[in-house]
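Novice: Structure: run_34.tsv, TSV, C-alpha atoms and all ligand atoms.
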chain	number	residue	atom	x	y	z
A	205	MET	CA	-99.91	92.64	-18.46
A	206	SER	CA	-97.82	90.21	-20.47
A	207	ASN	CA	-94.14	90.08	-19.74
A	208	ALA	CA	-93.45	91.52	-23.19
A	209	GLN	CA	-94.80	94.89	-22.06
A	210	THR	CA	-93.78	94.88	-18.39
A	211	ARG	CA	-92.07	98.13	-17.44
A	212	ARG	CA	-89.59	97.72	-14.63
A	213	LEU	CA	-87.82	100.42	-12.67
A	214	TRP	CA	-84.63	100.30	-10.61
A	215	ARG	CA	-83.76	103.35	-8.57
A	216	ASP	CA	-80.50	104.59	-7.16
A	217	ILE	CA	-78.48	101.85	-8.75
A	218	CYS	CA	-74.81	101.82	-9.71
A	219	VAL	CA	-74.52	100.72	-13.35
A	220	PHE	CA	-71.54	99.02	-14.95
A	221	ASP	CA	-72.57	99.42	-18.58
A	222	GLY	CA	-70.35	96.72	-20.13
A	223	LEU	CA	-67.37	98.99	-20.67
A	224	CYS	CA	-67.27	101.28	-17.66
A	225	THR	CA	-69.03	102.27	-14.44
A	226	LEU	CA	-71.40	105.20	-14.86
A	227	PRO	CA	-70.34	108.07	-12.60
A	228	GLU	CA	-73.66	108.68	-10.83
A	229	PRO	CA	-76.42	106.58	-9.28
A	230	MET	CA	-78.96	105.83	-12.00
A	231	ALA	CA	-82.63	105.13	-12.60
A	232	VAL	CA	-83.06	102.33	-15.13
A	233	ILE	CA	-86.31	101.44	-16.88
A	234	THR	CA	-86.75	98.34	-18.99
A	235	GLU	CA	-89.74	97.63	-21.16
A	236	GLY	CA	-90.13	93.96	-21.95
A	237	ASP	CA	-86.99	92.72	-23.63
A	238	ARG	CA	-85.45	96.20	-24.19
A	239	VAL	CA	-83.75	98.72	-21.95
A	240	ALA	CA	-85.97	101.78	-22.32
A	241	SER	CA	-84.08	104.46	-20.42
A	242	LEU	CA	-81.09	105.16	-18.22
A	243	VAL	CA	-80.99	108.49	-16.46
A	244	ALA	CA	-79.00	109.90	-13.60
A	245	MET	CA	-81.09	109.73	-10.41
A	246	ARG	CA	-80.97	113.50	-9.92
A	247	ASP	CA	-82.52	113.99	-13.39
A	248	PHE	CA	-85.20	111.35	-12.87
A	249	ASP	CA	-88.72	112.53	-13.54
A	250	GLU	CA	-91.13	110.80	-11.16
A	251	ALA	CA	-93.81	110.82	-13.87
A	252	SER	CA	-91.87	108.18	-15.80
A	253	ALA	CA	-92.26	105.78	-12.85
A	254	GLN	CA	-95.95	105.50	-13.69
A	255	GLY	CA	-96.98	101.96	-14.51
A	256	CYS	CA	-93.56	100.56	-13.64
A	257	GLN	CA	-92.95	97.56	-11.47
A	258	GLU	CA	-90.59	98.76	-8.72
A	259	MET	CA	-87.52	96.52	-8.71
A	260	GLY	CA	-85.75	98.06	-5.72
A	261	ARG	CA	-82.96	100.43	-4.82
A	262	GLY	CA	-79.22	100.19	-4.55
A	263	GLY	CA	-76.86	97.45	-5.59
A	264	VAL	CA	-74.99	97.15	-8.86
A	265	MET	CA	-76.45	96.48	-12.29
A	266	THR	CA	-74.33	94.82	-14.98
A	267	PRO	CA	-75.15	93.31	-18.33
A	268	GLY	CA	-75.87	89.59	-18.07
A	269	LEU	CA	-72.48	87.88	-17.98
A	270	VAL	CA	-71.14	86.36	-21.18
A	271	ASP	CA	-69.02	83.23	-20.72
A	272	CYS	CA	-67.48	83.07	-24.18
A	273	HIS	CA	-65.37	79.91	-23.78
A	274	THR	CA	-66.57	76.69	-22.15
A	275	HIS	CA	-66.47	72.94	-22.64
A	276	LEU	CA	-69.53	72.24	-20.48
A	277	VAL	CA	-70.68	69.09	-22.24
A	278	PHE	CA	-68.51	66.10	-21.36
A	279	GLY	CA	-68.62	62.62	-19.91
A	280	GLY	CA	-66.68	61.35	-16.90
A	281	SER	CA	-64.38	63.12	-14.48
A	282	ARG	CA	-60.66	63.80	-14.34
A	283	ALA	CA	-60.14	63.87	-10.57
A	284	ASP	CA	-57.46	61.18	-11.00
A	285	GLU	CA	-55.54	63.44	-13.37
A	286	PHE	CA	-55.82	66.27	-10.84
A	287	GLU	CA	-54.14	64.03	-8.31
A	288	ALA	CA	-51.45	62.96	-10.78
A	289	ARG	CA	-50.65	66.59	-11.55
A	290	LEU	CA	-50.34	67.34	-7.85
A	291	GLU	CA	-47.73	64.59	-7.72
A	292	GLY	CA	-45.77	66.39	-10.42
A	293	VAL	CA	-46.91	64.86	-13.74
A	294	SER	CA	-47.46	67.65	-16.28
A	295	TYR	CA	-50.60	68.28	-18.36
A	296	GLU	CA	-48.58	67.60	-21.53
A	297	GLU	CA	-47.17	64.34	-20.12
A	298	ILE	CA	-50.66	63.13	-19.20
A	299	ALA	CA	-51.84	63.97	-22.74
A	300	ARG	CA	-48.87	62.13	-24.30
A	301	ARG	CA	-49.69	59.04	-22.22
A	302	GLY	CA	-53.19	59.04	-23.76
A	303	GLY	CA	-54.93	60.53	-20.72
A	304	GLY	CA	-56.15	64.10	-20.39
A	305	ILE	CA	-58.50	65.16	-23.16
A	306	LEU	CA	-58.52	61.59	-24.57
A	307	SER	CA	-59.81	60.12	-21.33
A	308	THR	CA	-62.75	62.52	-21.54
A	309	VAL	CA	-63.18	61.49	-25.18
A	310	THR	CA	-63.61	57.85	-24.14
A	311	ALA	CA	-66.19	58.76	-21.48
A	312	THR	CA	-68.04	61.14	-23.81
A	313	ARG	CA	-68.25	58.61	-26.62
A	314	GLU	CA	-69.70	56.07	-24.20
A	315	ALA	CA	-72.32	58.48	-22.86
A	316	SER	CA	-75.77	58.78	-24.39
A	317	GLU	CA	-77.11	62.16	-25.43
A	318	GLU	CA	-79.46	61.97	-22.46
A	319	ALA	CA	-76.63	61.26	-20.02
A	320	LEU	CA	-74.52	64.11	-21.40
A	321	PHE	CA	-77.48	66.47	-21.10
A	322	ALA	CA	-78.17	65.42	-17.51
A	323	ALA	CA	-74.51	65.90	-16.55
A	324	ALA	CA	-74.15	69.28	-18.28
A	325	ARG	CA	-77.38	70.78	-16.99
A	326	PRO	CA	-76.24	71.45	-13.38
A	327	ARG	CA	-72.96	72.87	-14.66
A	328	LEU	CA	-74.86	75.34	-16.79
A	329	GLU	CA	-77.26	76.06	-13.93
A	330	ALA	CA	-74.22	76.98	-11.81
A	331	LEU	CA	-73.15	79.52	-14.43
A	332	ILE	CA	-76.69	80.91	-14.66
A	333	ALA	CA	-76.88	81.24	-10.86
A	334	ASP	CA	-73.70	83.32	-11.06
A	335	GLY	CA	-75.12	85.73	-13.64
A	336	VAL	CA	-74.48	84.21	-17.07
A	337	THR	CA	-77.05	84.99	-19.78
A	338	THR	CA	-74.94	84.00	-22.82
A	339	VAL	CA	-72.64	80.99	-22.89
A	340	GLU	CA	-70.52	79.42	-25.57
A	341	ILE	CA	-70.27	75.62	-25.48
A	342	LYS	CA	-67.70	73.73	-27.51
A	343	SER	CA	-67.67	70.16	-28.76
A	344	GLY	CA	-64.26	68.49	-28.92
A	345	TYR	CA	-64.62	65.37	-26.79
A	346	GLY	CA	-66.32	63.24	-29.44
A	347	LEU	CA	-63.79	63.37	-32.29
A	348	THR	CA	-65.97	61.35	-34.67
A	349	VAL	CA	-68.58	63.02	-36.85
A	350	GLU	CA	-71.42	61.41	-34.91
A	351	ASP	CA	-69.99	62.06	-31.45
A	352	GLU	CA	-69.18	65.69	-32.22
A	353	LEU	CA	-72.71	66.25	-33.54
A	354	LYS	CA	-74.05	64.51	-30.44
A	355	MET	CA	-72.24	67.01	-28.22
A	356	LEU	CA	-73.48	69.96	-30.27
A	357	ARG	CA	-77.06	68.69	-30.12
A	358	VAL	CA	-76.80	68.51	-26.33
A	359	ALA	CA	-75.48	72.08	-26.25
A	360	ARG	CA	-78.35	73.30	-28.42
A	361	ARG	CA	-80.88	71.49	-26.24
A	362	LEU	CA	-79.48	73.09	-23.08
A	363	GLY	CA	-80.21	76.46	-24.66
A	364	GLU	CA	-83.76	75.40	-25.46
A	365	VAL	CA	-84.51	74.18	-21.95
A	366	LEU	CA	-82.70	76.75	-19.76
A	367	PRO	CA	-83.08	80.55	-19.73
A	368	VAL	CA	-79.74	81.31	-21.36
A	369	ARG	CA	-78.48	81.94	-24.88
A	370	VAL	CA	-76.20	79.09	-25.95
A	371	VAL	CA	-73.70	79.61	-28.76
A	372	THR	CA	-72.13	76.41	-30.10
A	373	THR	CA	-68.62	75.88	-31.42
A	374	LEU	CA	-67.35	72.83	-33.28
A	375	LEU	CA	-63.93	71.91	-31.86
A	376	GLY	CA	-63.27	68.76	-33.88
A	377	ALA	CA	-59.56	69.66	-34.04
A	378	HIS	CA	-59.14	69.41	-30.26
A	379	ALA	CA	-57.04	66.24	-29.96
A	380	LEU	CA	-55.96	63.38	-32.17
A	381	PRO	CA	-58.26	60.40	-31.58
A	382	PRO	CA	-56.56	57.01	-31.06
A	383	GLU	CA	-57.92	55.57	-34.31
A	384	PHE	CA	-55.90	58.22	-36.23
A	385	LYS	CA	-52.68	57.70	-34.29
A	386	ASP	CA	-49.79	58.47	-36.69
A	387	ASP	CA	-52.20	60.00	-39.22
A	388	SER	CA	-53.04	63.43	-37.93
A	389	ASP	CA	-53.42	64.78	-41.49
A	390	GLY	CA	-55.99	62.05	-42.10
A	391	TYR	CA	-57.92	63.20	-39.08
A	392	ILE	CA	-57.80	66.82	-40.27
A	393	ASP	CA	-59.22	65.55	-43.60
A	394	LEU	CA	-62.14	64.11	-41.63
A	395	VAL	CA	-62.67	67.38	-39.76
A	396	CYS	CA	-62.56	69.44	-42.97
A	397	GLN	CA	-64.37	67.12	-45.36
A	398	GLU	CA	-67.00	65.55	-43.11
A	399	MET	CA	-67.32	67.10	-39.67
A	400	ILE	CA	-67.55	70.76	-40.64
A	401	PRO	CA	-69.90	70.11	-43.59
A	402	ALA	CA	-72.16	67.93	-41.41
A	403	ALA	CA	-72.30	70.42	-38.53
A	404	ALA	CA	-72.97	73.25	-40.99
A	405	ALA	CA	-75.67	71.31	-42.83
A	406	GLU	CA	-77.51	70.58	-39.60
A	407	GLY	CA	-77.08	74.13	-38.32
A	408	LEU	CA	-75.43	72.78	-35.19
A	409	ALA	CA	-72.32	74.98	-35.08
A	410	ASP	CA	-72.11	78.75	-34.82
A	411	ALA	CA	-68.31	78.76	-35.11
A	412	VAL	CA	-65.30	76.47	-35.55
A	413	ASP	CA	-62.36	76.25	-33.12
A	414	VAL	CA	-58.98	74.45	-33.12
A	415	PHE	CA	-56.31	73.57	-30.56
A	416	CYS	CA	-53.03	74.73	-32.05
A	417	GLU	CA	-50.30	73.19	-29.90
A	418	THR	CA	-47.51	70.62	-29.98
A	419	ILE	CA	-49.80	68.13	-28.19
A	420	ALA	CA	-52.63	68.87	-30.64
A	421	PHE	CA	-52.43	70.28	-34.20
A	422	SER	CA	-49.86	72.25	-36.20
A	423	VAL	CA	-50.40	75.74	-37.56
A	424	ALA	CA	-50.67	74.33	-41.10
A	425	GLN	CA	-53.32	71.81	-40.01
A	426	CYS	CA	-55.28	74.50	-38.17
A	427	GLU	CA	-55.16	76.69	-41.27
A	428	ARG	CA	-56.80	73.90	-43.27
A	429	VAL	CA	-59.59	73.82	-40.68
A	430	PHE	CA	-60.00	77.61	-40.94
A	431	GLU	CA	-60.31	77.35	-44.72
A	432	ALA	CA	-62.96	74.63	-44.45
A	433	ALA	CA	-64.89	76.71	-41.91
A	434	GLU	CA	-64.73	79.71	-44.22
A	435	ALA	CA	-66.03	77.62	-47.09
A	436	HIS	CA	-69.10	76.88	-44.96
A	437	GLY	CA	-69.56	80.47	-43.82
A	438	LEU	CA	-68.58	79.73	-40.21
A	439	PRO	CA	-66.48	82.14	-38.16
A	440	ILE	CA	-63.34	80.79	-36.50
A	441	LYS	CA	-61.62	80.85	-33.12
A	442	ALA	CA	-58.41	79.28	-31.85
A	443	HIS	CA	-56.94	77.82	-28.67
A	444	ALA	CA	-53.44	79.14	-29.30
A	445	GLU	CA	-50.14	79.93	-27.62
A	446	GLN	CA	-51.29	78.20	-24.41
A	447	LEU	CA	-48.25	76.03	-23.69
A	448	SER	CA	-45.79	77.27	-26.33
A	449	ASN	CA	-45.55	79.82	-29.14
A	450	LEU	CA	-46.34	78.20	-32.48
A	451	GLY	CA	-47.71	81.31	-34.19
A	452	GLY	CA	-51.26	79.98	-34.49
A	453	THR	CA	-52.76	83.25	-33.28
A	454	ALA	CA	-51.32	85.28	-36.15
A	455	VAL	CA	-52.61	82.78	-38.71
A	456	ALA	CA	-56.04	82.69	-37.05
A	457	ALA	CA	-56.12	86.49	-37.04
A	458	ARG	CA	-55.24	86.57	-40.73
A	459	HIS	CA	-58.33	84.42	-41.25
A	460	GLY	CA	-60.38	87.00	-39.36
A	461	ALA	CA	-60.70	84.98	-36.14
A	462	LEU	CA	-63.33	86.21	-33.70
A	463	SER	CA	-60.89	85.41	-30.93
A	464	ALA	CA	-57.64	83.78	-29.92
A	465	ASP	CA	-57.89	82.12	-26.53
A	466	HIS	CA	-55.37	81.34	-23.73
A	467	ILE	CA	-52.42	83.14	-25.49
A	468	GLU	CA	-50.00	82.99	-22.57
A	469	TYR	CA	-47.08	82.70	-25.02
A	470	LEU	CA	-48.36	85.29	-27.51
A	471	ASP	CA	-45.63	87.51	-29.00
A	472	GLU	CA	-45.60	91.01	-30.53
A	473	ALA	CA	-46.29	89.72	-34.05
A	474	GLY	CA	-49.35	87.88	-32.77
A	475	ILE	CA	-50.61	90.95	-30.94
A	476	ALA	CA	-50.15	93.09	-34.07
A	477	ALA	CA	-52.07	90.53	-36.15
A	478	MET	CA	-54.90	90.50	-33.63
A	479	ARG	CA	-55.11	94.28	-33.57
A	480	GLU	CA	-55.17	94.37	-37.36
A	481	ALA	CA	-57.93	91.75	-37.55
A	482	GLY	CA	-60.00	93.09	-34.66
A	483	SER	CA	-59.81	89.71	-32.91
A	484	VAL	CA	-60.62	89.48	-29.21
A	485	ALA	CA	-58.00	88.10	-26.78
A	486	VAL	CA	-59.78	85.60	-24.53
A	487	ILE	CA	-58.00	85.33	-21.18
A	488	LEU	CA	-58.58	82.08	-19.29
A	489	PRO	CA	-57.24	82.45	-15.75
A	490	GLY	CA	-58.93	79.25	-14.58
A	491	ALA	CA	-56.73	77.08	-16.81
A	492	PHE	CA	-53.62	79.08	-15.87
A	493	HIS	CA	-54.46	78.59	-12.20
A	494	THR	CA	-55.38	74.90	-12.45
A	495	LEU	CA	-52.30	73.96	-14.48
A	496	ARG	CA	-50.11	76.12	-12.22
A	497	GLU	CA	-48.71	77.87	-15.27
A	498	THR	CA	-46.11	80.56	-14.82
A	499	GLN	CA	-46.03	82.24	-18.24
A	500	GLN	CA	-48.38	85.22	-18.04
A	501	PRO	CA	-50.38	86.34	-21.07
A	502	PRO	CA	-49.01	89.67	-22.37
A	503	ILE	CA	-51.72	91.78	-20.72
A	504	ALA	CA	-49.85	95.10	-20.74
A	505	ALA	CA	-48.95	94.76	-24.43
A	506	LEU	CA	-52.52	93.79	-25.36
A	507	ARG	CA	-53.84	96.76	-23.41
A	508	GLU	CA	-51.31	99.06	-25.08
A	509	ALA	CA	-52.26	97.75	-28.53
A	510	GLY	CA	-55.96	98.24	-27.79
A	511	VAL	CA	-56.81	94.58	-28.35
A	512	PRO	CA	-60.06	93.90	-26.45
A	513	MET	CA	-59.66	91.32	-23.70
A	514	ALA	CA	-62.44	88.91	-22.78
A	515	VAL	CA	-62.43	86.71	-19.67
A	516	ALA	CA	-64.08	83.27	-19.58
A	517	THR	CA	-64.27	80.20	-17.37
A	518	ASP	CA	-62.94	77.64	-19.91
A	519	ALA	CA	-65.10	75.33	-17.76
A	520	ASN	CA	-63.93	71.81	-18.62
A	521	PRO	CA	-63.03	68.56	-16.84
A	522	GLY	CA	-59.25	68.90	-17.16
A	523	SER	CA	-57.58	72.28	-17.29
A	524	SER	CA	-60.36	74.32	-15.67
A	525	PRO	CA	-62.95	72.38	-13.65
A	526	LEU	CA	-64.25	75.72	-12.40
A	527	PHE	CA	-67.86	76.67	-12.93
A	528	MET	CA	-68.01	80.11	-11.36
A	529	PRO	CA	-67.71	83.13	-13.64
A	530	THR	CA	-67.26	85.66	-10.83
A	531	LEU	CA	-64.28	83.62	-9.57
A	532	MET	CA	-62.74	84.28	-13.00
A	533	LEU	CA	-63.12	88.02	-12.44
A	534	ASN	CA	-61.13	87.61	-9.24
A	535	LEU	CA	-58.47	85.39	-10.84
A	536	ALA	CA	-58.09	87.70	-13.87
A	537	CYS	CA	-57.28	90.51	-11.46
A	538	THR	CA	-55.11	88.65	-8.96
A	539	LEU	CA	-53.19	86.48	-11.45
A	540	PHE	CA	-53.01	88.76	-14.49
A	541	ARG	CA	-53.44	92.25	-13.00
A	542	LEU	CA	-56.49	93.18	-15.01
A	543	THR	CA	-58.39	95.97	-13.33
A	544	PRO	CA	-61.81	94.94	-11.99
A	545	GLN	CA	-63.37	97.11	-14.72
A	546	GLU	CA	-61.34	95.34	-17.41
A	547	ALA	CA	-62.31	91.95	-15.99
A	548	LEU	CA	-65.99	92.91	-15.97
A	549	ALA	CA	-65.81	94.29	-19.52
A	550	GLY	CA	-64.15	90.98	-20.39
A	551	MET	CA	-67.21	89.07	-19.20
A	552	THR	CA	-69.73	91.44	-20.78
A	553	ALA	CA	-69.04	93.65	-23.83
A	554	HIS	CA	-65.77	91.99	-24.90
A	555	GLY	CA	-67.07	88.50	-24.15
A	556	ALA	CA	-69.97	89.24	-26.49
A	557	ALA	CA	-67.59	90.49	-29.18
A	558	ALA	CA	-65.60	87.24	-28.90
A	559	LEU	CA	-68.79	85.46	-29.98
A	560	GLY	CA	-69.45	87.81	-32.87
A	561	PHE	CA	-72.02	89.91	-30.98
A	562	LYS	CA	-70.18	93.20	-31.25
A	563	GLY	CA	-72.09	95.99	-29.50
A	564	GLU	CA	-73.89	93.56	-27.18
A	565	GLY	CA	-73.12	92.81	-23.53
A	566	ARG	CA	-74.08	96.39	-22.66
A	567	VAL	CA	-76.60	98.16	-20.46
A	568	GLN	CA	-77.73	101.04	-22.64
A	569	GLU	CA	-80.92	102.32	-24.18
A	570	GLY	CA	-82.19	99.87	-26.76
A	571	ALA	CA	-80.06	96.98	-25.48
A	572	THR	CA	-81.63	93.56	-24.85
A	573	THR	CA	-82.86	93.13	-21.28
A	574	ASP	CA	-80.15	90.63	-20.31
A	575	LEU	CA	-79.27	92.10	-16.93
A	576	CYS	CA	-77.98	91.22	-13.51
A	577	VAL	CA	-78.48	93.11	-10.27
A	578	TRP	CA	-75.98	92.24	-7.57
A	579	ASP	CA	-75.98	92.75	-3.81
A	580	VAL	CA	-72.67	94.61	-3.80
A	581	ASP	CA	-71.79	98.29	-3.37
A	582	THR	CA	-69.42	98.73	-6.29
A	583	PRO	CA	-68.67	96.81	-9.50
A	584	ALA	CA	-65.10	96.20	-8.25
A	585	ALA	CA	-66.56	94.26	-5.31
A	586	LEU	CA	-67.67	91.55	-7.76
A	587	ALA	CA	-64.03	90.84	-8.56
A	588	TYR	CA	-62.75	91.54	-5.07
A	589	ALA	CA	-64.65	88.88	-3.11
A	590	VAL	CA	-65.38	85.32	-4.17
A	591	GLN	CA	-68.80	84.88	-2.67
A	592	PRO	CA	-71.72	82.95	-4.13
A	593	GLY	CA	-75.24	84.23	-3.56
A	594	ARG	CA	-74.77	87.88	-4.48
A	595	LEU	CA	-77.01	87.74	-7.55
A	596	ARG	CA	-80.21	89.53	-6.53
A	597	GLN	CA	-82.02	89.57	-9.86
A	598	ARG	CA	-81.33	88.20	-13.29
A	599	LEU	CA	-83.29	89.07	-16.39
A	600	PHE	CA	-82.94	87.04	-19.55
A	601	GLN	CA	-84.53	88.55	-22.65
A	602	GLY	CA	-86.87	90.52	-20.44
A	603	GLU	CA	-87.91	87.60	-18.25
A	604	LEU	CA	-87.11	87.66	-14.57
A	605	THR	CA	-85.52	84.27	-13.96
A	606	HIS	CA	-84.74	82.33	-10.83
A	607	VAL	CA	-82.62	79.24	-11.08
A	701	LIG	O1	-59.21	75.10	-23.13
A	701	LIG	N1	-56.50	73.70	-24.40
A	701	LIG	C1	-57.21	72.81	-24.76
A	701	LIG	N2	-58.46	72.52	-24.41
A	701	LIG	C2	-59.04	72.78	-23.17
A	701	LIG	C3	-58.73	71.74	-22.20
A	701	LIG	C4	-59.62	70.64	-22.29
A	701	LIG	C5	-59.27	69.53	-21.35
A	701	LIG	O2	-58.20	69.48	-20.71
A	701	LIG	O3	-60.17	68.67	-21.29
A	701	LIG	C6	-58.68	74.14	-22.63
A	701	LIG	O4	-57.87	74.27	-21.69
A	702	FE	FE	-60.77	75.66	-23.95
Show me, as structure tokens, the structure contained in the file I just sent.
Ligand code: NIG
Ligand code: FE
Specialist:
Amino acid sequence: MSNAQTRRLWRDICVFDGLCTLPEPMAVITEGDRVASLVAMRDFDEASAQGCQEMGRGGVMTPGLVDCHTHLVFGGSRADEFEARLEGVSYEEIARRGGGILSTVTATREASEEALFAAARPRLEALIADGVTTVEIKSGYGLTVEDELKMLRVARRLGEVLPVRVVTTLLGAHALPPEFKDDSDGYIDLVCQEMIPAAAAEGLADAVDVFCETIAFSVAQCERVFEAAEAHGLPIKAHAEQLSNLGGTAVAARHGALSADHIEYLDEAGIAAMREAGSVAVILPGAFHTLRETQQPPIAALREAGVPMAVATDANPGSSPLFMPTLMLNLACTLFRLTPQEALAGMTAHGAAALGFKGEGRVQEGATTDLCVWDVDTPAALAYAVQPGRLRQRLFQGELTHV
């Protein structure tokens, strides 16, 4: 039987469906790349087991994890910066001295496409081994048209070679490259007039992102990038309110942003704009932890407003050199007081929505067979303990994968 028709059956399994934990042990049947049925174990009709491959009993089933914010493709390392920060130099200070993101830009420009691919592959394999079936990968360390496209090509190729769906985001407006020093508007011209059109023409970007911050670009500059993205039919996202409150989130939301990410300094007006626009709040506890930030994102207010919260690794060489999605579940709970259910929804249904896949990241009848089965007793246990090796089975588009 070809994999496309394989019927698989899990018995007596606890299901976290992407939004909540189902109240009873379930029997789940998948047929090829679709979830065919989900029934409570006590209502299970043994006749429907006919022809099914038995996949086992017990454990917890979740949708495949969605890591909706990463910078997995980069050259070099920033271990030296890690040490400098431990000695008290701030992330902003390092950036102002031309280190930080710009040091990764130098290494990424120097690296060949092949070298970038070889370096990124094990990082992505680490995410896959921890349950990820959809991952977003941003550019943003090239900062020339050619180097940004090079990064996006590597991201696309990773998705062709590995069993994971890769969504690409052009982050040309990530930092001001040295050749545009004192001419940040000139650089934004390049992003809007050349980079976005080139990435769109080659079909290399699924979305466009900006870094709206004092050490990066102003709200007005980011708005120009949003307008250029719109002109090319590309959805937008924003790194905003990470280190200060500039109001970038509200402007991004007014442009219909899929998400605003980081948002530690987000205020009431920003939350209202997000609610209005239906934007997803992407919480990045890895960057908060690594940079030893103290300003908490306004979790209670977001919850109150009903703004969906996603959780992602932000895996990158500087602010979050952390390549373990289930660690983020733990950090989202311990640092930000998300409930384990909220954290899990943040890495499944809401993570999918942050990438424009509203309604995905679910285990329900008709859903794509992107699933994980974990050797834990309850969904909360995934956030509770930080323990590699708990992924028992992973299915990507109906294929049982082992990485
Ligand atoms: O999401 N905030 C800006 N960009 C990245 C950091 C990238 C880096 O430090 O290399 C982030 O934290
Ligand atoms: Fe980021």
Novice: Please, which residues have at least one atom within 7 Å of an atom of ligand LIG 701 (chain A), using all atoms listed in the file, listed as a list in words?
Specialist: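 Result of the 7 Å neighbour search around ligand LIG 701 (chain A): Gly304, Ile305, Thr308, His378, Phe415, His443, Gln446, Ala491, Asp518, Asn520, Pro521, Gly522, Ser523 and Ser524 of chain A.
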Novice: Restricting the calculation to all atoms listed in the file, which member of A:Val371, A:Ile341, A:Leu599, A:Leu575 is positioned closest to ligand FE 702 (chain A)?
Specialist: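 Of A:Val371, A:Ile341, A:Leu599, A:Leu575, the one nearest ligand FE 702 (chain A) is A:Ile341, counting all atoms listed in the file.
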Novice: May I ask for the distance between atom CA of A:Thr348 and atom CA of A:His466, given in Å to one decimal place?
Specialist: 25.1 Å
Novice: Under the rule that all atoms listed in the file are counted, which of A:Thr338, A:Thr418, A:Thr210, A:Thr538 is the nearest residue to A:Glu297?
Specialist: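 Smallest separation from A:Glu297 among the options: A:Thr418.
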Novice: If you measure from atom CA of A:Leu374 to atom CA of A:Leu408, what distance in Å do you get, rounded to one decimal?
Specialist: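 Distance reported for this atom pair: 8.3 Å.
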Novice: Which residue gives the smallest distance to A:Leu328 among A:Phe561, A:Tyr588, A:Phe220, A:Phe527, with all atoms listed in the file counted?
Specialist: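 Ranked by minimum distance to A:Leu328, first place goes to A:Phe527.
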Novice: Pick out the closest residue to A:Ala587 from this set: A:Ser388, A:Thr274, A:Gln257, A:Gln545. Count only C-alpha atoms.
Specialist: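 Nearest candidate to A:Ala587 out of A:Ser388, A:Thr274, A:Gln257, A:Gln545: A:Gln545.
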Novice: Go ahead and compute the interatomic distance for atom CA of A:Ala454 and atom CA of A:Gly510, in Å to one decimal.
Specialist: 16.1 Å
Novice: Which is closer to A:Glu546 than all the others in A:Ala571, A:Cys224, A:Ala253, A:Val484, using only C-alpha atoms?
Specialist: A:Cys224
Novice: Give me the residues within 7 Å of A:Ala461 as a VMD selection string, counting all atoms listed in the file and dropping any in the same chain fewer than 4 places off.
Specialist: chain A and resid 439 to 441 456 to 457 483
Novice: Please list, as a ChimeraX atom specification, the residues that have an atom at most 12 Å away from (-78.4, 67.4, -20.7) in the coordinates of this file, counting only C-alpha atoms.
Specialist: /A:276-279,315-329,354-366
